[in-house]
file upload11.txt (compact mmCIF, C-alpha atoms)
# COMPACT_ATOMS: atom_id res chain seq x y z
CA MET A 1 312.53 34.75 49.05
CA SER A 2 310.46 31.66 48.24
CA GLY A 3 311.32 29.39 45.31
CA GLY A 4 313.65 32.08 44.01
CA LYS A 5 310.90 34.69 44.01
CA PRO A 6 310.07 37.46 46.50
CA ALA A 7 307.34 36.52 48.97
CA VAL A 8 305.80 38.05 52.07
CA GLY A 9 306.77 36.30 55.28
CA VAL A 10 304.77 36.47 58.51
CA LYS A 11 306.89 35.75 61.60
CA THR A 12 305.37 33.63 64.33
CA GLY A 13 306.03 33.70 68.04
CA ASP A 14 308.11 30.51 67.92
CA GLY A 15 310.72 31.95 65.54
CA LYS A 16 309.33 30.56 62.31
CA ILE A 17 308.21 32.43 59.19
CA ILE A 18 305.03 31.65 57.31
CA ASP A 19 305.38 31.96 53.54
CA LEU A 20 302.21 33.89 52.67
CA SER A 21 302.39 32.81 49.02
CA LYS A 22 301.79 29.23 50.23
CA GLN A 23 299.58 29.97 53.22
CA MET A 24 297.34 32.44 51.37
CA PRO A 25 297.93 31.89 47.61
CA ARG A 26 295.35 34.47 46.55
CA GLY A 27 296.42 36.91 49.20
CA PRO A 28 298.62 40.03 49.05
CA LYS A 29 301.96 39.78 47.23
CA SER A 30 303.84 42.56 49.03
CA VAL A 31 304.10 44.33 52.36
CA VAL A 32 302.95 47.56 50.72
CA GLU A 33 299.81 45.81 49.48
CA ILE A 34 299.10 44.69 53.06
CA LEU A 35 299.62 48.23 54.33
CA MET A 36 297.33 49.68 51.67
CA GLY A 37 294.67 47.08 52.50
CA GLY A 38 294.27 48.55 55.98
CA LYS A 39 292.89 46.79 59.03
CA LYS A 40 290.48 44.60 57.05
CA LEU A 41 293.18 42.97 54.93
CA GLN A 42 295.60 42.79 57.85
CA ALA A 43 292.98 40.98 59.92
CA ALA A 44 292.44 38.54 57.04
CA VAL A 45 296.18 37.82 56.85
CA SER A 46 296.34 37.30 60.61
CA LYS A 47 293.39 34.90 60.48
CA ALA A 48 294.88 32.98 57.56
CA CYS A 49 298.16 32.53 59.44
CA ALA A 50 296.56 31.32 62.68
CA LYS A 51 297.07 27.68 61.63
CA PRO A 52 300.12 27.30 59.33
CA LYS A 53 299.74 24.79 56.52
CA ALA A 54 302.17 21.93 56.08
CA GLY A 55 305.18 23.14 54.10
CA ALA A 56 304.30 26.81 54.47
CA THR A 57 306.82 27.62 57.20
CA VAL A 58 310.59 28.09 57.26
CA SER A 59 312.92 28.85 60.15
CA ALA A 60 313.99 32.45 60.59
CA LYS A 61 317.64 31.35 60.47
CA SER A 62 317.30 29.63 57.09
CA ALA A 63 315.20 32.33 55.42
CA LYS A 64 316.78 34.58 52.80
CA TYR A 65 315.71 38.13 53.62
CA LEU A 66 314.90 41.02 51.36
CA CYS A 67 314.32 44.54 52.64
CA PRO A 68 310.84 44.66 54.25
CA VAL A 69 309.90 47.35 51.73
CA PRO A 70 312.21 46.68 48.75
CA ALA A 71 311.70 50.03 47.02
CA PRO A 72 310.16 52.70 49.26
CA GLY A 73 308.73 55.66 47.39
CA LYS A 74 310.42 57.97 49.88
CA ILE A 75 313.30 57.39 52.30
CA LEU A 76 313.27 60.38 54.64
CA CYS A 77 316.09 60.64 57.17
CA ILE A 78 316.42 62.81 60.24
CA GLY A 79 319.83 64.08 61.37
CA LEU A 80 321.00 65.00 64.88
CA ASN A 81 317.75 63.81 66.43
CA TYR A 82 319.15 62.38 69.67
CA ARG A 83 320.21 64.94 72.23
CA LYS A 84 323.34 63.06 73.34
CA HIS A 85 324.41 62.45 69.73
CA ALA A 86 324.13 66.14 68.89
CA GLU A 87 326.22 66.87 71.97
CA GLU A 88 328.93 64.30 71.11
CA THR A 89 329.36 65.86 67.65
CA GLY A 90 329.54 69.38 69.05
CA SER A 91 326.42 70.40 67.14
CA PRO A 92 323.73 72.73 68.47
CA ILE A 93 320.43 71.10 69.43
CA PRO A 94 318.21 71.52 66.34
CA ALA A 95 315.17 73.78 66.66
CA TYR A 96 313.53 72.01 63.71
CA PRO A 97 314.11 68.50 62.27
CA VAL A 98 317.17 68.16 60.02
CA VAL A 99 315.85 66.29 56.98
CA PHE A 100 317.74 64.59 54.14
CA CYS A 101 316.99 61.75 51.72
CA ARG A 102 318.36 58.35 50.87
CA PHE A 103 317.74 56.43 47.65
CA ASN A 104 316.81 52.82 46.99
CA ASN A 105 320.27 51.89 45.65
CA THR A 106 321.57 52.27 49.22
CA LEU A 107 319.31 49.65 50.81
CA VAL A 108 320.69 46.27 51.88
CA PRO A 109 318.64 43.61 53.72
CA HIS A 110 319.24 41.69 56.92
CA ASN A 111 322.24 39.38 56.49
CA GLY A 112 323.23 41.36 53.38
CA LYS A 113 326.70 42.72 52.69
CA MET A 114 327.48 46.38 53.40
CA PRO A 115 330.48 47.61 51.37
CA VAL A 116 333.20 50.00 52.48
CA PRO A 117 333.49 52.37 49.47
CA SER A 118 336.81 52.28 47.63
CA HIS A 119 336.86 56.09 47.81
CA SER A 120 336.83 56.18 51.63
CA LYS A 121 337.81 54.32 54.78
CA GLU A 122 335.42 56.27 57.01
CA LEU A 123 332.31 54.06 57.05
CA ASP A 124 330.41 54.61 60.30
CA TRP A 125 327.43 52.85 61.90
CA GLU A 126 324.17 54.49 62.97
CA ALA A 127 321.43 52.49 64.69
CA GLU A 128 318.04 54.00 63.89
CA LEU A 129 314.36 53.36 64.54
CA THR A 130 312.48 53.35 61.24
CA VAL A 131 308.83 54.34 60.82
CA VAL A 132 306.88 52.68 58.00
CA ILE A 133 303.91 54.70 56.75
CA GLY A 134 300.73 52.63 56.60
CA ARG A 135 298.31 54.82 54.69
CA LYS A 136 298.32 57.81 52.36
CA CYS A 137 298.19 61.06 54.27
CA ARG A 138 298.86 64.78 54.11
CA ASN A 139 298.77 67.55 56.74
CA VAL A 140 298.41 65.07 59.58
CA PRO A 141 297.65 66.65 62.98
CA LYS A 142 300.21 65.65 65.58
CA GLU A 143 297.57 64.04 67.77
CA LYS A 144 296.51 61.77 64.89
CA ALA A 145 299.98 60.98 63.53
CA LEU A 146 300.30 57.55 65.14
CA GLY A 147 297.20 56.46 63.23
CA VAL A 148 298.98 56.57 59.86
CA ILE A 149 301.89 54.36 60.92
CA GLY A 150 301.92 50.79 59.64
CA GLY A 151 304.90 49.58 61.63
CA TYR A 152 308.48 49.99 62.77
CA ALA A 153 311.81 48.44 61.77
CA CYS A 154 315.56 48.60 62.37
CA PHE A 155 317.89 50.59 60.14
CA ASN A 156 321.67 51.03 60.00
CA ASP A 157 322.28 54.43 58.43
CA GLY A 158 325.82 53.65 57.24
CA SER A 159 327.57 57.00 56.87
CA VAL A 160 330.69 57.82 54.87
CA ARG A 161 331.98 60.58 57.08
CA ASP A 162 334.66 62.24 54.94
CA TRP A 163 332.18 62.63 52.10
CA GLN A 164 329.56 63.87 54.55
CA ARG A 165 331.99 66.63 55.59
CA LYS A 166 332.83 67.80 52.05
CA SER A 167 332.23 71.49 51.32
CA GLY A 168 330.81 72.21 54.76
CA GLY A 169 328.27 69.38 54.88
CA GLN A 170 326.98 66.87 52.32
CA PHE A 171 324.40 64.58 53.90
CA THR A 172 323.18 63.48 50.46
CA LEU A 173 326.63 62.33 49.35
CA GLY A 174 327.74 60.85 52.65
CA LYS A 175 324.54 58.85 53.08
CA ASN A 176 324.03 57.51 49.55
CA PHE A 177 326.90 55.20 48.71
CA ASP A 178 325.58 51.92 47.31
CA GLY A 179 324.56 49.34 49.90
CA THR A 180 325.21 51.44 52.99
CA GLY A 181 321.66 51.42 54.39
CA GLY A 182 320.85 48.24 56.30
CA PHE A 183 317.07 47.73 56.58
CA GLY A 184 315.18 44.92 58.32
CA PRO A 185 314.76 42.17 59.18
CA ASP A 186 311.06 42.70 59.89
CA ILE A 187 308.31 45.27 60.24
CA VAL A 188 306.69 45.13 63.66
CA THR A 189 303.15 46.46 63.91
CA PRO A 190 302.45 49.37 66.28
CA ASP A 191 300.26 47.32 68.62
CA GLU A 192 303.36 45.39 69.76
CA LEU A 193 305.30 48.50 70.81
CA PRO A 194 304.96 51.56 73.05
CA PRO A 195 303.15 54.45 71.31
CA GLY A 196 305.51 56.12 68.86
CA GLY A 197 308.19 53.49 69.46
CA ALA A 198 309.41 55.01 72.72
CA PRO A 199 310.80 54.10 75.15
CA LEU A 200 312.81 51.29 73.52
CA ARG A 201 316.43 50.34 74.03
CA ILE A 202 318.50 50.82 70.85
CA MET A 203 321.99 49.40 70.33
CA THR A 204 324.81 48.80 67.85
CA ARG A 205 327.33 45.98 68.21
CA VAL A 206 330.44 45.55 66.06
CA ASN A 207 331.90 42.05 66.23
CA GLY A 208 329.87 41.57 69.41
CA LYS A 209 331.20 44.71 71.13
CA VAL A 210 328.56 47.25 72.16
CA MET A 211 329.22 50.61 70.48
CA GLN A 212 325.85 52.35 70.90
CA ASP A 213 323.51 51.75 73.83
CA SER A 214 320.72 54.25 74.30
CA ASN A 215 316.96 54.62 74.31
CA THR A 216 314.49 56.11 71.86
CA ASP A 217 313.21 58.38 74.61
CA ASP A 218 316.30 60.54 73.94
CA LEU A 219 314.78 61.63 70.60
CA ILE A 220 314.58 65.41 70.25
CA PHE A 221 311.66 65.25 67.80
CA ASP A 222 309.41 62.28 68.52
CA VAL A 223 307.64 60.18 65.91
CA PRO A 224 304.30 62.10 65.94
CA THR A 225 306.20 65.37 65.46
CA LEU A 226 308.17 63.97 62.50
CA VAL A 227 305.05 62.64 60.75
CA HIS A 228 303.22 65.91 61.42
CA GLU A 229 306.01 68.11 60.07
CA LEU A 230 306.90 66.00 57.03
CA SER A 231 303.25 65.65 56.00
CA LYS A 232 302.97 69.44 55.87
CA VAL A 233 305.42 69.37 52.98
CA MET A 234 304.56 66.22 51.07
CA THR A 235 302.02 63.43 50.76
CA LEU A 236 303.21 60.34 52.61
CA ASP A 237 302.33 57.05 50.94
CA PRO A 238 302.11 53.47 52.21
CA GLY A 239 305.60 52.00 52.30
CA ASP A 240 307.39 55.34 52.67
CA ILE A 241 309.91 55.18 55.51
CA ILE A 242 311.15 57.74 58.01
CA ILE A 243 314.56 56.99 59.56
CA THR A 244 314.43 58.84 62.83
CA GLY A 245 318.07 59.50 63.78
CA THR A 246 320.87 57.83 65.72
CA PRO A 247 321.92 57.95 69.37
CA SER A 248 325.39 58.70 70.72
CA GLY A 249 328.29 56.29 70.30
CA VAL A 250 329.17 56.63 66.61
CA ALA A 251 332.75 55.97 65.43
CA MET A 252 333.18 59.59 64.31
CA ALA A 253 332.92 60.83 67.91
CA ARG A 254 335.47 58.35 69.31
CA LYS A 255 339.23 58.60 69.73
CA PRO A 256 340.64 56.69 67.96
CA GLN A 257 337.88 56.37 65.37
CA PRO A 258 337.13 52.65 64.82
CA TRP A 259 335.69 52.84 61.28
CA LEU A 260 333.93 49.77 59.95
CA LYS A 261 336.21 47.55 57.87
CA ALA A 262 335.87 44.46 55.67
CA GLY A 263 335.19 41.39 57.79
CA ASP A 264 333.33 43.22 60.55
CA VAL A 265 329.81 42.17 61.52
CA CYS A 266 327.61 45.12 62.48
CA GLU A 267 324.37 44.51 64.36
CA VAL A 268 321.61 46.98 65.16
CA GLU A 269 319.19 45.85 67.84
CA ILE A 270 316.01 47.62 68.94
CA GLU A 271 314.04 46.26 71.86
CA LYS A 272 310.86 44.37 70.84
CA ILE A 273 311.68 44.87 67.13
CA GLY A 274 314.67 42.64 66.46
CA VAL A 275 318.28 42.44 65.33
CA LEU A 276 319.53 43.65 61.94
CA SER A 277 322.89 42.12 60.98
CA ASN A 278 325.18 43.08 58.11
CA THR A 279 328.64 41.86 57.19
CA ILE A 280 331.05 44.58 56.07
CA VAL A 281 332.90 43.88 52.82
CA LYS A 282 335.33 45.63 50.49
CA GLY A 283 333.36 47.77 48.04
CA ALA A 284 333.76 49.20 44.58
call {"tool": "encode", "arguments": {"input": "upload11.txt", "output": "structure tokens"}}
result
Amino acid sequence: MSGGKPAVGVKTGDGKIIDLSKQMPRGPKSVVEILMGGKKLQAAVSKACAKPKAGATVSAKSAKYLCPVPAPGKILCIGLNYRKHAEETGSPIPAYPVVFCRFNNTLVPHNGKMPVPSHSKELDWEAELTVVIGRKCRNVPKEKALGVIGGYACFNDGSVRDWQRKSGGQFTLGKNFDGTGGFGPDIVTPDELPPGGAPLRIMTRVNGKVMQDSNTDDLIFDVPTLVHELSKVMTLDPGDIIITGTPSGVAMARKPQPWLKAGDVCEVEIEKIGVLSNTIVKGA
């Protein structure tokens, strides 16, 4: 946010954020616009931000974050996509990606509040690597899939487990309570990460205690496979996101089960991408 209005921020290496609306007033107004502009526009933004103007920067700690893509056209989620997580839940290793959807009402930004629904006490954490589509595509060959990715981000796929279990399995219900999908704080471009976002350490901490600690190289279906398979079914557009699954260590698989509760602080950290933090509150 800048002056009470949404603005694109470009993070610098020294922990500051350049307000693009001040640094490049005639430039792009959204992350999706930057993605759609391709390498030419992205190079122009990078050049414009090489020397920050006076008054155009804020500290990362003082910035008010929105979701990096506030309203993705598609939020595609992959279930049981880490081998050790499938094992801890007693589920068979999938032979094909398990796909379900989230909706925009579920998204909450970095430092935003994640509510425990009044209809349940079983709110669980799920650290996930998120893929942000960078250009419109369909039927993408696996060997070219990394070329359509605009960046990567952190996601906390907050899961209401008792609703997820209803009637033999309800991913759509259990994953779509308002405000249960933490997303952010930033989008990191692919050139800063290993190809396909693996290997990268991925973690969840609750009140500073490590609850998940794994690596994206435990993915059953890697990022190129997911893009390839999903693009067979549907056109993927800039700003669409693919949430790639969670590693082992969820509350559901523990005894006792330490469900998230009001007052907790839940952090998802992915190596080279950043830390997403959400405070848990009492919900409606």
call {"tool": "closest_residue", "arguments": {"input": "upload11.txt", "among": "A:Ala127, A:Val132, A:Ile75, A:Ala86", "to": "Val32 in chain A", "atoms": "all atoms listed in the file"}}
result
A:Val132
call {"tool": "residues_near_point", "arguments": {"input": "upload11.txt", "point": "(297.0, 38.6, 54.9)", "cutoff": "9 Å", "atoms": "all atoms listed in the file", "output": "ChimeraX atom specification"}}
result
/A:10,20,24,27-28,34,41-49
call {"tool": "residues_around", "arguments": {"input": "upload11.txt", "residues": "range 135-148 of chain A", "least_positions_apart": "3", "cutoff": "12 Å", "atoms": "all atoms listed in the file", "output": "ChimeraX atom specification"}}
result
/A:32-39,73,131-132,151-152,189-191,193-197,221-241
call {"tool": "residues_around", "arguments": {"input": "upload11.txt", "residues": "Val8 in chain A", "least_positions_apart": "4", "cutoff": "9 Å", "atoms": "all atoms listed in the file", "output": "VMD selection string"}}
result
chain A and resid 1 to 2 18 to 21 28 to 31 68
call {"tool": "atom_distance", "arguments": {"input": "upload11.txt", "atom1": "CA of Lys261 in chain A", "atom2": "CA of His119 in chain A"}}
result
13.2 Å
call {"tool": "atom_distance", "arguments": {"input": "upload11.txt", "atom1": "CA of Glu192 in chain A", "atom2": "CA of Thr12 in chain A"}}
result
13.1 Å
call {"tool": "residues_around", "arguments": {"input": "upload11.txt", "residues": "Pro199 in chain A", "least_positions_apart": "4", "cutoff": "7 Å", "atoms": "all atoms listed in the file", "output": "ChimeraX atom specification"}}
result
/A:194,215-217
call {"tool": "closest_residue", "arguments": {"input": "upload11.txt", "among": "A:Val188, A:Leu129, A:Ala251, A:Leu173", "to": "Arg201 in chain A", "atoms": "only C-alpha atoms"}}
result
A:Leu129
call {"tool": "residues_around", "arguments": {"input": "upload11.txt", "residues": "Ser248 in chain A", "least_positions_apart": "4", "cutoff": "8 Å", "atoms": "all atoms listed in the file", "output": "number ranges by chain"}}
result
A: 82, 84-86, 88, 212-214
call {"tool": "atom_distance", "arguments": {"input": "upload11.txt", "atom1": "CA of Ala54 in chain A", "atom2": "CA of Gly13 in chain A"}}
result
17.2 Å
call {"tool": "residues_near_point", "arguments": {"input": "upload11.txt", "point": "(319.2, 65.3, 54.1)", "cutoff": "10 Å", "atoms": "all atoms listed in the file", "output": "PDB file with C-alpha atoms, keeping the file's coordinate frame"}}
result
ATOM      1  CA  LEU A  76     313.270  60.380  54.640  1.00  0.00           C
ATOM      2  CA  CYS A  77     316.090  60.640  57.170  1.00  0.00           C
ATOM      3  CA  ILE A  78     316.420  62.810  60.240  1.00  0.00           C
ATOM      4  CA  GLY A  79     319.830  64.080  61.370  1.00  0.00           C
ATOM      5  CA  VAL A  98     317.170  68.160  60.020  1.00  0.00           C
ATOM      6  CA  VAL A  99     315.850  66.290  56.980  1.00  0.00           C
ATOM      7  CA  PHE A 100     317.740  64.590  54.140  1.00  0.00           C
ATOM      8  CA  CYS A 101     316.990  61.750  51.720  1.00  0.00           C
ATOM      9  CA  ARG A 102     318.360  58.350  50.870  1.00  0.00           C
ATOM     10  CA  GLY A 169     328.270  69.380  54.880  1.00  0.00           C
ATOM     11  CA  GLN A 170     326.980  66.870  52.320  1.00  0.00           C
ATOM     12  CA  PHE A 171     324.400  64.580  53.900  1.00  0.00           C
ATOM     13  CA  THR A 172     323.180  63.480  50.460  1.00  0.00           C
ATOM     14  CA  LEU A 173     326.630  62.330  49.350  1.00  0.00           C
ATOM     15  CA  GLY A 174     327.740  60.850  52.650  1.00  0.00           C
ATOM     16  CA  LYS A 175     324.540  58.850  53.080  1.00  0.00           C
TER      17      LYS A 175
END
call {"tool": "closest_residue", "arguments": {"input": "upload11.txt", "among": "A:His110, A:Lys121, A:Arg26, A:Lys11", "to": "Asn278 in chain A", "atoms": "all atoms listed in the file"}}
result
A:His110
